[in-house]
$ cat coords-v1.cif   # mmCIF, C-alpha atoms
data_my_file
#
loop_
_atom_site.group_PDB
_atom_site.id
_atom_site.type_symbol
_atom_site.label_atom_id
_atom_site.label_comp_id
_atom_site.auth_asym_id
_atom_site.auth_seq_id
_atom_site.Cartn_x
_atom_site.Cartn_y
_atom_site.Cartn_z
ATOM 1 C CA MET A 1 53.797 104.408 -14.167
ATOM 2 C CA LEU A 2 54.463 103.922 -17.879
ATOM 3 C CA LYS A 3 56.222 100.641 -17.147
ATOM 4 C CA LYS A 4 53.207 99.424 -15.154
ATOM 5 C CA MET A 5 50.811 100.301 -17.986
ATOM 6 C CA ARG A 6 52.945 98.415 -20.466
ATOM 7 C CA GLN A 7 52.921 95.364 -18.224
ATOM 8 C CA GLU A 8 49.113 95.499 -18.066
ATOM 9 C CA GLU A 9 48.925 95.739 -21.855
ATOM 10 C CA VAL A 10 51.106 92.676 -22.216
ATOM 11 C CA ILE A 11 48.900 90.796 -19.801
ATOM 12 C CA ASP A 12 45.783 91.841 -21.767
ATOM 13 C CA VAL A 13 47.213 90.586 -25.039
ATOM 14 C CA ASN A 14 47.950 87.224 -23.494
ATOM 15 C CA VAL A 15 44.391 86.705 -22.301
ATOM 16 C CA LYS A 16 42.882 83.885 -24.329
ATOM 17 C CA THR A 17 39.724 85.086 -26.014
ATOM 18 C CA GLU A 18 36.819 83.514 -27.831
ATOM 19 C CA LYS A 19 34.952 85.250 -30.625
ATOM 20 C CA LEU A 20 31.204 85.122 -30.115
ATOM 21 C CA VAL A 21 28.351 86.041 -32.441
ATOM 22 C CA VAL A 22 25.752 87.399 -30.046
ATOM 23 C CA PHE A 23 22.103 87.523 -31.090
ATOM 24 C CA SER A 24 18.658 87.880 -29.589
ATOM 25 C CA LEU A 25 15.897 85.325 -29.551
ATOM 26 C CA ALA A 26 12.718 85.385 -27.497
ATOM 27 C CA ASP A 27 13.965 88.318 -25.365
ATOM 28 C CA ASP A 28 17.148 86.494 -24.405
ATOM 29 C CA LEU A 29 20.678 86.799 -25.704
ATOM 30 C CA PHE A 30 22.393 83.773 -27.185
ATOM 31 C CA ALA A 31 25.724 83.297 -28.899
ATOM 32 C CA PHE A 32 27.443 80.959 -31.295
ATOM 33 C CA ALA A 33 31.204 80.510 -31.171
ATOM 34 C CA GLY A 34 32.614 82.615 -33.984
ATOM 35 C CA ARG A 35 34.617 79.661 -35.353
ATOM 36 C CA ASP A 36 31.338 77.811 -36.034
ATOM 37 C CA VAL A 37 29.773 80.717 -37.948
ATOM 38 C CA LYS A 38 30.454 80.797 -41.687
ATOM 39 C CA GLU A 39 28.178 83.612 -42.770
ATOM 40 C CA ILE A 40 25.372 85.868 -41.607
ATOM 41 C CA LEU A 41 22.624 86.508 -44.156
ATOM 42 C CA VAL A 42 19.566 88.691 -44.347
ATOM 43 C CA THR A 43 16.401 86.615 -44.480
ATOM 44 C CA GLN A 44 15.258 85.540 -47.904
ATOM 45 C CA GLU A 45 12.758 83.152 -49.426
ATOM 46 C CA ILE A 46 12.802 79.804 -47.647
ATOM 47 C CA PHE A 47 11.464 76.823 -49.582
ATOM 48 C CA PHE A 48 9.601 74.308 -47.451
ATOM 49 C CA VAL A 49 10.726 70.674 -47.707
ATOM 50 C CA PRO A 50 7.805 68.237 -47.282
ATOM 51 C CA GLY A 51 8.325 65.580 -44.663
ATOM 52 C CA SER A 52 10.789 67.625 -42.662
ATOM 53 C CA PRO A 53 10.369 68.011 -38.902
ATOM 54 C CA ASP A 54 8.868 71.257 -37.684
ATOM 55 C CA PHE A 55 12.198 72.777 -36.644
ATOM 56 C CA LEU A 56 13.503 72.567 -40.214
ATOM 57 C CA LEU A 57 12.073 75.583 -41.961
ATOM 58 C CA GLY A 58 13.355 74.586 -45.377
ATOM 59 C CA VAL A 59 16.085 75.421 -47.825
ATOM 60 C CA MET A 60 17.193 78.606 -49.516
ATOM 61 C CA ASN A 61 19.212 79.625 -52.519
ATOM 62 C CA VAL A 62 22.422 81.376 -51.502
ATOM 63 C CA ARG A 63 24.186 82.538 -54.645
ATOM 64 C CA GLY A 64 23.350 79.241 -56.348
ATOM 65 C CA ASP A 65 24.189 77.077 -53.344
ATOM 66 C CA ILE A 66 21.453 75.429 -51.340
ATOM 67 C CA GLU A 67 21.493 75.931 -47.585
ATOM 68 C CA SER A 68 19.130 74.560 -44.971
ATOM 69 C CA VAL A 69 17.433 76.809 -42.451
ATOM 70 C CA ALA A 70 16.369 75.645 -39.007
ATOM 71 C CA SER A 71 14.346 77.341 -36.331
ATOM 72 C CA LEU A 72 16.628 77.712 -33.351
ATOM 73 C CA ALA A 73 13.630 78.580 -31.209
ATOM 74 C CA ALA A 74 11.891 75.300 -32.067
ATOM 75 C CA LEU A 75 15.020 73.311 -31.264
ATOM 76 C CA LEU A 76 15.526 75.073 -27.949
ATOM 77 C CA GLY A 77 11.861 75.003 -26.989
ATOM 78 C CA VAL A 78 11.547 78.772 -26.651
ATOM 79 C CA PRO A 79 8.857 80.987 -28.252
ATOM 80 C CA ARG A 80 9.163 81.060 -32.053
ATOM 81 C CA GLU A 81 11.093 83.811 -33.781
ATOM 82 C CA ARG A 82 9.220 87.057 -34.260
ATOM 83 C CA ASN A 83 9.339 88.706 -37.659
ATOM 84 C CA PHE A 84 11.610 91.697 -37.655
ATOM 85 C CA SER A 85 13.343 93.489 -40.463
ATOM 86 C CA GLY A 86 16.479 92.636 -38.507
ATOM 87 C CA ASN A 87 15.915 88.879 -38.737
ATOM 88 C CA ARG A 88 19.036 87.106 -39.884
ATOM 89 C CA ILE A 89 20.088 83.619 -40.854
ATOM 90 C CA VAL A 90 23.326 82.501 -39.271
ATOM 91 C CA ILE A 91 25.068 79.836 -41.368
ATOM 92 C CA THR A 92 26.982 77.459 -39.107
ATOM 93 C CA GLU A 93 29.114 74.393 -39.599
ATOM 94 C CA ALA A 94 30.605 71.790 -37.283
ATOM 95 C CA ASP A 95 31.894 68.291 -37.929
ATOM 96 C CA GLU A 96 30.910 68.530 -41.610
ATOM 97 C CA ILE A 97 27.290 69.276 -40.765
ATOM 98 C CA ARG A 98 26.122 72.668 -41.919
ATOM 99 C CA SER A 99 22.897 74.580 -41.410
ATOM 100 C CA GLY A 100 21.514 78.050 -41.134
ATOM 101 C CA PHE A 101 19.588 79.124 -38.058
ATOM 102 C CA LEU A 102 16.951 81.824 -38.056
ATOM 103 C CA VAL A 103 17.589 84.385 -35.313
ATOM 104 C CA GLU A 104 15.772 87.581 -34.440
ATOM 105 C CA LYS A 105 18.567 90.100 -34.413
ATOM 106 C CA ILE A 106 22.365 90.089 -34.398
ATOM 107 C CA ALA A 107 23.521 92.090 -31.383
ATOM 108 C CA ASP A 108 27.273 92.051 -31.892
ATOM 109 C CA VAL A 109 30.366 90.072 -32.727
ATOM 110 C CA VAL A 110 32.678 90.278 -29.724
ATOM 111 C CA ASP A 111 35.878 88.809 -28.347
ATOM 112 C CA VAL A 112 35.445 87.745 -24.738
ATOM 113 C CA PRO A 113 38.015 86.245 -22.376
ATOM 114 C CA VAL A 114 37.586 82.470 -22.374
ATOM 115 C CA ASP A 115 37.485 82.408 -18.596
ATOM 116 C CA SER A 116 34.505 84.785 -18.635
ATOM 117 C CA ILE A 117 32.428 81.924 -20.057
ATOM 118 C CA LYS A 118 31.116 80.132 -17.005
ATOM 119 C CA PRO A 119 29.429 76.723 -16.918
ATOM 120 C CA PRO A 120 25.660 76.959 -17.381
ATOM 121 C CA LEU A 121 23.446 77.069 -14.331
ATOM 122 C CA THR A 122 22.679 73.607 -13.106
ATOM 123 C CA THR A 123 19.114 74.701 -12.417
ATOM 124 C CA MET A 124 18.493 75.193 -16.130
ATOM 125 C CA SER A 125 16.233 72.549 -17.642
ATOM 126 C CA GLY A 126 14.594 71.616 -20.919
ATOM 127 C CA PRO A 127 16.190 71.415 -24.354
ATOM 128 C CA ILE A 128 18.295 74.528 -23.769
ATOM 129 C CA ALA A 129 20.175 72.888 -20.895
ATOM 130 C CA SER A 130 21.658 70.233 -23.163
ATOM 131 C CA CYS A 131 22.702 72.716 -25.836
ATOM 132 C CA LEU A 132 24.863 75.124 -23.863
ATOM 133 C CA ILE A 133 28.595 75.520 -23.544
ATOM 134 C CA GLY A 134 28.174 78.117 -20.855
ATOM 135 C CA GLU A 135 27.128 81.642 -19.996
ATOM 136 C CA THR A 136 28.830 84.983 -20.221
ATOM 137 C CA GLU A 137 27.913 88.666 -20.106
ATOM 138 C CA TYR A 138 27.437 91.241 -22.810
ATOM 139 C CA GLN A 139 26.699 94.843 -21.821
ATOM 140 C CA GLY A 140 25.544 93.670 -18.418
ATOM 141 C CA LYS A 141 23.162 91.075 -19.824
ATOM 142 C CA ASN A 142 23.426 87.328 -19.593
ATOM 143 C CA VAL A 143 24.377 85.522 -22.814
ATOM 144 C CA LEU A 144 23.783 81.808 -23.296
ATOM 145 C CA VAL A 145 26.602 80.355 -25.386
ATOM 146 C CA LEU A 146 25.329 77.539 -27.592
ATOM 147 C CA ASP A 147 27.017 74.234 -28.323
ATOM 148 C CA LEU A 148 26.473 73.752 -32.066
ATOM 149 C CA ARG A 149 27.319 70.048 -31.978
ATOM 150 C CA ALA A 150 24.703 69.480 -29.296
ATOM 151 C CA LEU A 151 22.186 71.391 -31.415
ATOM 152 C CA PHE A 152 22.868 69.124 -34.365
ATOM 153 C CA LYS A 153 22.325 66.139 -32.070
ATOM 154 C CA ARG A 154 18.877 67.534 -31.397
ATOM 155 C CA PHE A 155 18.221 67.354 -35.152
ATOM 156 C CA VAL A 156 18.579 63.588 -34.847
ATOM 157 C CA ALA A 157 16.426 63.400 -31.731
ATOM 158 C CA HIS A 158 13.676 65.428 -33.459
ATOM 159 C CA GLY A 159 13.944 63.351 -36.616
ATOM 160 C CA GLU A 160 13.307 60.082 -34.792
ATOM 161 C CA MET B 1 19.180 59.737 -47.034
ATOM 162 C CA GLY B 2 18.709 59.694 -50.784
ATOM 163 C CA SER B 3 21.209 58.731 -53.408
ATOM 164 C CA ASN B 4 23.973 61.001 -54.572
ATOM 165 C CA PRO B 5 23.380 62.809 -57.849
ATOM 166 C CA GLU B 6 26.367 60.932 -59.290
ATOM 167 C CA ASP B 7 24.560 57.649 -58.680
ATOM 168 C CA ILE B 8 21.820 58.844 -61.008
ATOM 169 C CA ALA B 9 24.074 59.934 -63.892
ATOM 170 C CA PRO B 10 27.833 60.291 -64.255
ATOM 171 C CA PRO B 11 29.454 63.780 -64.333
ATOM 172 C CA GLY B 12 29.192 65.602 -67.641
ATOM 173 C CA GLU B 13 25.814 64.114 -68.382
ATOM 174 C CA PHE B 14 22.465 65.800 -68.505
ATOM 175 C CA LEU B 15 19.173 64.876 -66.963
ATOM 176 C CA GLU B 16 15.741 65.884 -68.117
ATOM 177 C CA ILE B 17 13.872 67.049 -65.058
ATOM 178 C CA LEU B 18 10.103 67.409 -65.038
ATOM 179 C CA VAL B 19 9.409 70.345 -62.729
ATOM 180 C CA PHE B 20 6.042 70.679 -61.029
ATOM 181 C CA ASP B 21 4.436 72.587 -58.200
ATOM 182 C CA SER B 22 2.486 70.906 -55.435
ATOM 183 C CA GLY B 23 1.079 73.058 -52.685
ATOM 184 C CA GLY B 24 3.656 75.731 -53.388
ATOM 185 C CA VAL B 25 6.519 73.246 -53.177
ATOM 186 C CA TRP B 26 8.656 72.979 -56.285
ATOM 187 C CA CYS B 27 9.598 69.419 -57.074
ATOM 188 C CA GLY B 28 11.295 67.656 -59.927
ATOM 189 C CA ILE B 29 11.471 64.108 -61.161
ATOM 190 C CA ASP B 30 13.851 62.553 -63.607
ATOM 191 C CA GLY B 31 11.942 62.585 -66.898
ATOM 192 C CA GLU B 32 13.743 59.410 -67.985
ATOM 193 C CA LEU B 33 11.838 57.474 -65.343
ATOM 194 C CA VAL B 34 8.443 58.622 -66.584
ATOM 195 C CA SER B 35 6.576 56.255 -68.819
ATOM 196 C CA ARG B 36 3.330 58.148 -69.119
ATOM 197 C CA MET B 37 1.596 61.265 -67.875
ATOM 198 C CA ALA B 38 -2.112 61.955 -68.145
ATOM 199 C CA ARG B 39 -4.710 64.295 -66.715
ATOM 200 C CA PHE B 40 -6.171 62.907 -63.528
ATOM 201 C CA ASN B 41 -9.609 62.233 -64.985
ATOM 202 C CA GLU B 42 -8.148 60.510 -68.007
ATOM 203 C CA ALA B 43 -5.517 58.433 -66.274
ATOM 204 C CA GLY B 44 -7.603 55.346 -65.583
ATOM 205 C CA GLN B 45 -7.069 55.862 -61.887
ATOM 206 C CA GLU B 46 -9.544 53.139 -60.997
ATOM 207 C CA GLU B 47 -6.861 50.629 -61.904
ATOM 208 C CA LEU B 48 -4.062 52.489 -60.171
ATOM 209 C CA THR B 49 -2.727 52.873 -56.700
ATOM 210 C CA LEU B 50 -2.114 56.556 -56.471
ATOM 211 C CA GLY B 51 0.477 58.280 -54.356
ATOM 212 C CA TRP B 52 -0.477 61.809 -53.357
ATOM 213 C CA LEU B 53 2.502 63.844 -52.334
ATOM 214 C CA GLN B 54 0.746 65.494 -49.416
ATOM 215 C CA HIS B 55 -0.361 62.115 -48.063
ATOM 216 C CA LEU B 56 3.049 60.507 -48.366
ATOM 217 C CA LEU B 57 4.965 63.407 -46.875
ATOM 218 C CA SER B 58 3.953 65.860 -44.197
ATOM 219 C CA PHE B 59 3.264 69.346 -45.490
ATOM 220 C CA GLY B 60 3.379 70.732 -41.973
ATOM 221 C CA GLY B 61 -0.312 71.585 -41.916
ATOM 222 C CA ARG B 62 -0.102 73.548 -45.160
ATOM 223 C CA GLU B 63 -3.195 73.485 -47.320
ATOM 224 C CA VAL B 64 -2.517 71.642 -50.541
ATOM 225 C CA THR B 65 -4.938 72.395 -53.338
ATOM 226 C CA PHE B 66 -4.643 70.739 -56.715
ATOM 227 C CA ARG B 67 -5.444 72.872 -59.724
ATOM 228 C CA ASN B 68 -4.267 70.799 -62.630
ATOM 229 C CA PRO B 69 -3.625 67.317 -61.271
ATOM 230 C CA MET B 70 -1.796 64.874 -63.453
ATOM 231 C CA VAL B 71 -0.995 61.238 -62.873
ATOM 232 C CA VAL B 72 2.560 60.206 -63.638
ATOM 233 C CA ARG B 73 3.354 56.566 -64.201
ATOM 234 C CA PHE B 74 6.898 55.314 -64.024
ATOM 235 C CA LYS B 75 8.954 52.742 -65.813
ATOM 236 C CA GLU B 76 9.995 49.756 -63.709
ATOM 237 C CA SER B 77 7.359 50.402 -61.084
ATOM 238 C CA GLY B 78 4.760 48.090 -62.512
ATOM 239 C CA ALA B 79 1.662 49.296 -64.251
ATOM 240 C CA THR B 80 -0.351 49.911 -61.135
ATOM 241 C CA LEU B 81 1.407 52.779 -59.385
ATOM 242 C CA GLY B 82 0.913 56.441 -60.176
ATOM 243 C CA LEU B 83 2.050 59.663 -58.558
ATOM 244 C CA VAL B 84 -0.362 62.557 -58.551
ATOM 245 C CA ILE B 85 1.362 65.857 -59.211
ATOM 246 C CA ASP B 86 0.069 69.338 -59.815
ATOM 247 C CA GLN B 87 0.926 72.031 -62.298
ATOM 248 C CA PRO B 88 3.655 70.556 -64.472
ATOM 249 C CA ARG B 89 5.726 73.614 -65.328
ATOM 250 C CA GLU B 90 8.751 72.744 -67.333
ATOM 251 C CA LEU B 91 10.895 69.977 -68.690
ATOM 252 C CA LEU B 92 14.433 71.152 -67.929
ATOM 253 C CA ARG B 93 17.670 69.861 -69.376
ATOM 254 C CA VAL B 94 20.023 70.030 -66.436
ATOM 255 C CA ALA B 95 23.726 69.269 -66.244
ATOM 256 C CA LEU B 96 24.516 66.961 -63.378
ATOM 257 C CA GLU B 97 26.902 69.583 -62.019
ATOM 258 C CA GLU B 98 23.945 71.895 -61.467
ATOM 259 C CA ILE B 99 22.388 69.427 -59.055
ATOM 260 C CA SER B 100 23.362 69.552 -55.395
ATOM 261 C CA PRO B 101 22.758 66.976 -52.711
ATOM 262 C CA LEU B 102 20.396 68.211 -50.040
ATOM 263 C CA PRO B 103 22.234 70.206 -47.346
ATOM 264 C CA SER B 104 24.197 68.052 -44.931
ATOM 265 C CA CYS B 105 21.844 68.541 -41.996
ATOM 266 C CA PHE B 106 19.196 66.585 -43.888
ATOM 267 C CA THR B 107 21.371 63.492 -43.475
ATOM 268 C CA LEU B 108 20.382 63.676 -39.812
ATOM 269 C CA VAL B 109 16.690 63.378 -40.618
ATOM 270 C CA ASP B 110 15.821 59.922 -41.897
ATOM 271 C CA ASP B 111 12.433 60.554 -43.449
ATOM 272 C CA LEU B 112 13.775 62.775 -46.205
ATOM 273 C CA GLY B 113 15.391 60.007 -48.239
ATOM 274 C CA VAL B 114 12.810 60.539 -50.957
ATOM 275 C CA PHE B 115 14.723 63.655 -52.028
ATOM 276 C CA TRP B 116 17.984 62.822 -53.712
ATOM 277 C CA GLY B 117 19.049 66.345 -54.562
ATOM 278 C CA ALA B 118 18.017 69.866 -55.408
ATOM 279 C CA LEU B 119 18.663 72.485 -58.031
ATOM 280 C CA VAL B 120 18.076 76.174 -58.426
ATOM 281 C CA TRP B 121 15.751 77.125 -61.263
ATOM 282 C CA ALA B 122 14.469 80.667 -61.843
ATOM 283 C CA GLY B 123 15.598 81.576 -58.341
ATOM 284 C CA LYS B 124 13.577 78.773 -56.797
ATOM 285 C CA VAL B 125 14.848 75.658 -55.104
ATOM 286 C CA VAL B 126 13.490 72.566 -56.855
ATOM 287 C CA LEU B 127 13.550 69.381 -54.758
ATOM 288 C CA LEU B 128 14.335 66.256 -56.737
ATOM 289 C CA LEU B 129 12.145 63.319 -55.848
ATOM 290 C CA ASP B 130 12.989 59.661 -56.084
ATOM 291 C CA PRO B 131 9.587 58.399 -57.265
ATOM 292 C CA HIS B 132 10.345 54.760 -56.512
ATOM 293 C CA LYS B 133 11.104 55.515 -52.863
ATOM 294 C CA LEU B 134 8.061 57.729 -52.689
ATOM 295 C CA LEU B 135 5.720 55.205 -54.239
ATOM 296 C CA ALA B 136 7.078 52.493 -51.983
ATOM 297 C CA MET B 137 5.432 54.524 -49.229
ATOM 298 C CA ALA B 138 2.150 54.583 -51.144
ATOM 299 C CA VAL B 139 -0.428 51.846 -51.528
ATOM 300 C CA LYS B 140 -3.244 53.607 -49.818
ATOM 301 C CA PRO B 141 -6.405 52.539 -51.592
ATOM 302 C CA ALA B 142 -8.462 55.110 -49.716
ATOM 303 C CA THR B 143 -6.632 57.858 -51.567
ATOM 304 C CA ASN B 144 -7.525 56.425 -54.947
ATOM 305 C CA ARG B 145 -10.524 58.574 -55.590
ATOM 306 C CA LEU B 146 -11.247 62.227 -55.516
ATOM 307 C CA SER B 147 -14.227 62.444 -53.250
ATOM 308 C CA ALA B 148 -15.519 64.173 -50.183
ATOM 309 C CA GLU B 149 -14.559 61.092 -48.184
ATOM 310 C CA THR B 150 -10.882 61.519 -48.871
ATOM 311 C CA GLY B 151 -10.938 65.157 -47.890
ATOM 312 C CA GLU B 152 -9.093 66.127 -51.050
ATOM 313 C CA GLN B 153 -9.423 69.727 -51.997
ATOM 314 C CA PHE B 154 -9.819 69.480 -55.688
ATOM 315 C CA LEU B 155 -10.651 72.187 -58.130
ATOM 316 C CA ALA B 156 -11.553 70.852 -61.526
ATOM 317 C CA PRO B 157 -9.290 72.042 -64.312
ATOM 318 C CA GLU B 158 -10.681 75.063 -66.043
ATOM 319 C CA PRO B 159 -12.182 74.369 -69.471
ATOM 320 C CA GLU B 160 -9.763 75.141 -72.266
#
$ encode --input "coords-v1.cif" --output "structure tokens"
Amino acid sequence: MLKKMRQEEVIDVNVKTEKLVVFSLADDLFAFAGRDVKEILVTQEIFFVPGSPDFLLGVMNVRGDIESVASLAALLGVPRERNFSGNRIVITEADEIRSGFLVEKIADVVDVPVDSIKPPLTTMSGPIASCLIGETEYQGKNVLVLDLRALFKRFVAHGE
Amino acid sequence: MGSNPEDIAPPGEFLEILVFDSGGVWCGIDGELVSRMARFNEAGQEELTLGWLQHLLSFGGREVTFRNPMVVRFKESGATLGLVIDQPRELLRVALEEISPLPSCFTLVDDLGVFWGALVWAGKVVLLLDPHKLLAMAVKPATNRLSAETGEQFLAPEPE
């Protein structure tokens, strides 16, 4: 019995996992890959930048550094973020492009088995469909795992 | 995208930045480029092509009201171009090291080349404008006058 348990533990350790930062937006759960997330900040004053597209909310002062803040909802074409005290700005970076995204609420930071992330439903349409790595589950709810590089490509598409 | 701060002045040097507020947006221009600044009504605007910030760049539907408009004329831009700014606040002496390029995601959005950098002053993010790029977008004779036709919301400066 003990030997069997030990074998199971060894198997568990060898399962390849992915860290996800799970958050809510427009009544759905989304996630960024943990490796793309540099920092999670409470919301603070955002300074509007004239001429910027509507999804770019502006810039903010983070301990003397200047970070951009984008509306994830506007990029994904879902209802805009509601104002909660739990609103957070998730600072992300990929391929030397860096930006914060406003999200409604951080749900959790979890390690999930890589093979639990399934390809997104082919029936999904709209901007979201092109910005997903896949889907997984968190506490019985569906989580849409976002592809940060694809999101940054949408910056270009919006800017044109 | 705008120039790098190091293209404007080499490291270790200082810039004098004229900070002003337009429609709640904090902007700065290199004071070295300014040849003359005058109150709007005294600037001889009949002879000038004026660039209004909120006409040249989208303010995302924000209401822009001028309280203390000034016309800034620049060296090397000819005698006929002027930028209308509001509420000049401060002439700052800023070390080049204190100036950051705009966050990397702004490189994805072409229209924002008029901002070549940003700095933090009194907790606020001040966007540094390249007036030559901005005024190259100008030349709108219809915006030359303050009148009901232009739709400008203008409050006359309070008597001193």
$ resolve_selection --input "coords-v1.cif" --expression "the PyMOL selection byres ((chain B) within 10 of (chain A))" --output "JSON, numbers by chain"
{"B": [23, 24, 25, 26, 27, 53, 54, 55, 56, 57, 58, 59, 60, 62, 98, 99, 100, 101, 102, 103, 104, 105, 106, 107, 108, 109, 110, 111, 112, 113, 114, 115, 117, 118, 119, 120, 121, 123, 124, 125, 126, 127]}
$ write_last_selection --input "coords-v1.cif" --atoms "C-alpha atoms" --output "compact mmCIF listing (two decimals), in the coordinates of the input"
# COMPACT_ATOMS: atom_id res chain seq x y z
CA GLY B 23 1.08 73.06 -52.68
CA GLY B 24 3.66 75.73 -53.39
CA VAL B 25 6.52 73.25 -53.18
CA TRP B 26 8.66 72.98 -56.28
CA CYS B 27 9.60 69.42 -57.07
CA LEU B 53 2.50 63.84 -52.33
CA GLN B 54 0.75 65.49 -49.42
CA HIS B 55 -0.36 62.12 -48.06
CA LEU B 56 3.05 60.51 -48.37
CA LEU B 57 4.96 63.41 -46.88
CA SER B 58 3.95 65.86 -44.20
CA PHE B 59 3.26 69.35 -45.49
CA GLY B 60 3.38 70.73 -41.97
CA ARG B 62 -0.10 73.55 -45.16
CA GLU B 98 23.94 71.90 -61.47
CA ILE B 99 22.39 69.43 -59.06
CA SER B 100 23.36 69.55 -55.40
CA PRO B 101 22.76 66.98 -52.71
CA LEU B 102 20.40 68.21 -50.04
CA PRO B 103 22.23 70.21 -47.35
CA SER B 104 24.20 68.05 -44.93
CA CYS B 105 21.84 68.54 -42.00
CA PHE B 106 19.20 66.58 -43.89
CA THR B 107 21.37 63.49 -43.48
CA LEU B 108 20.38 63.68 -39.81
CA VAL B 109 16.69 63.38 -40.62
CA ASP B 110 15.82 59.92 -41.90
CA ASP B 111 12.43 60.55 -43.45
CA LEU B 112 13.78 62.78 -46.20
CA GLY B 113 15.39 60.01 -48.24
CA VAL B 114 12.81 60.54 -50.96
CA PHE B 115 14.72 63.66 -52.03
CA GLY B 117 19.05 66.34 -54.56
CA ALA B 118 18.02 69.87 -55.41
CA LEU B 119 18.66 72.48 -58.03
CA VAL B 120 18.08 76.17 -58.43
CA TRP B 121 15.75 77.12 -61.26
CA GLY B 123 15.60 81.58 -58.34
CA LYS B 124 13.58 78.77 -56.80
CA VAL B 125 14.85 75.66 -55.10
CA VAL B 126 13.49 72.57 -56.86
CA LEU B 127 13.55 69.38 -54.76
$ residues_around --input "coords-v1.cif" --residues "Phe32 (chain A)" --least-positions-apart "3" --cutoff "12 Å" --atoms "only C-alpha atoms" --output "PyMOL selection string"
chain A and resi 18-24+29+35-40+72+90-94+100-101+103+106-111+131-136+143-151
$ atom_distance --input "coords-v1.cif" --atom1 "CA of Ala122 (chain B)" --atom2 "CA of Asn68 (chain B)"
21.2 Å
$ atom_distance --input "coords-v1.cif" --atom1 "CA of Phe30 (chain A)" --atom2 "CA of Ser85 (chain A)"
18.8 Å
$ resolve_selection --input "coords-v1.cif" --expression "the PyMOL selection byres ((chain B and resi 82-90) around 10)" --output "PyMOL selection string"
chain B and resi 16-24+26-28+36-40+43+45+47-54+64-74+77-81+91-93+131-132+134-135+138-139+144
$ atom_distance --input "coords-v1.cif" --atom1 "CA of Leu76 (chain A)" --atom2 "CA of Pro120 (chain A)"
14.8 Å
$ resolve_selection --input "coords-v1.cif" --expression "the PyMOL selection byres ((chain A and resi 43) around 6)" --output "ChimeraX atom specification"
/A:42,44,88-89
$ closest_residue --input "coords-v1.cif" --among "A:Val112, A:Asp95, A:Ala33, A:Arg80" --to "Thr17 (chain A)" --atoms "only C-alpha atoms"
A:Val112
$ closest_residue --input "coords-v1.cif" --among "B:Ala136, B:Leu15, B:Leu128, B:Val94" --to "Gly31 (chain B)" --atoms "all atoms listed in the file"
B:Leu15
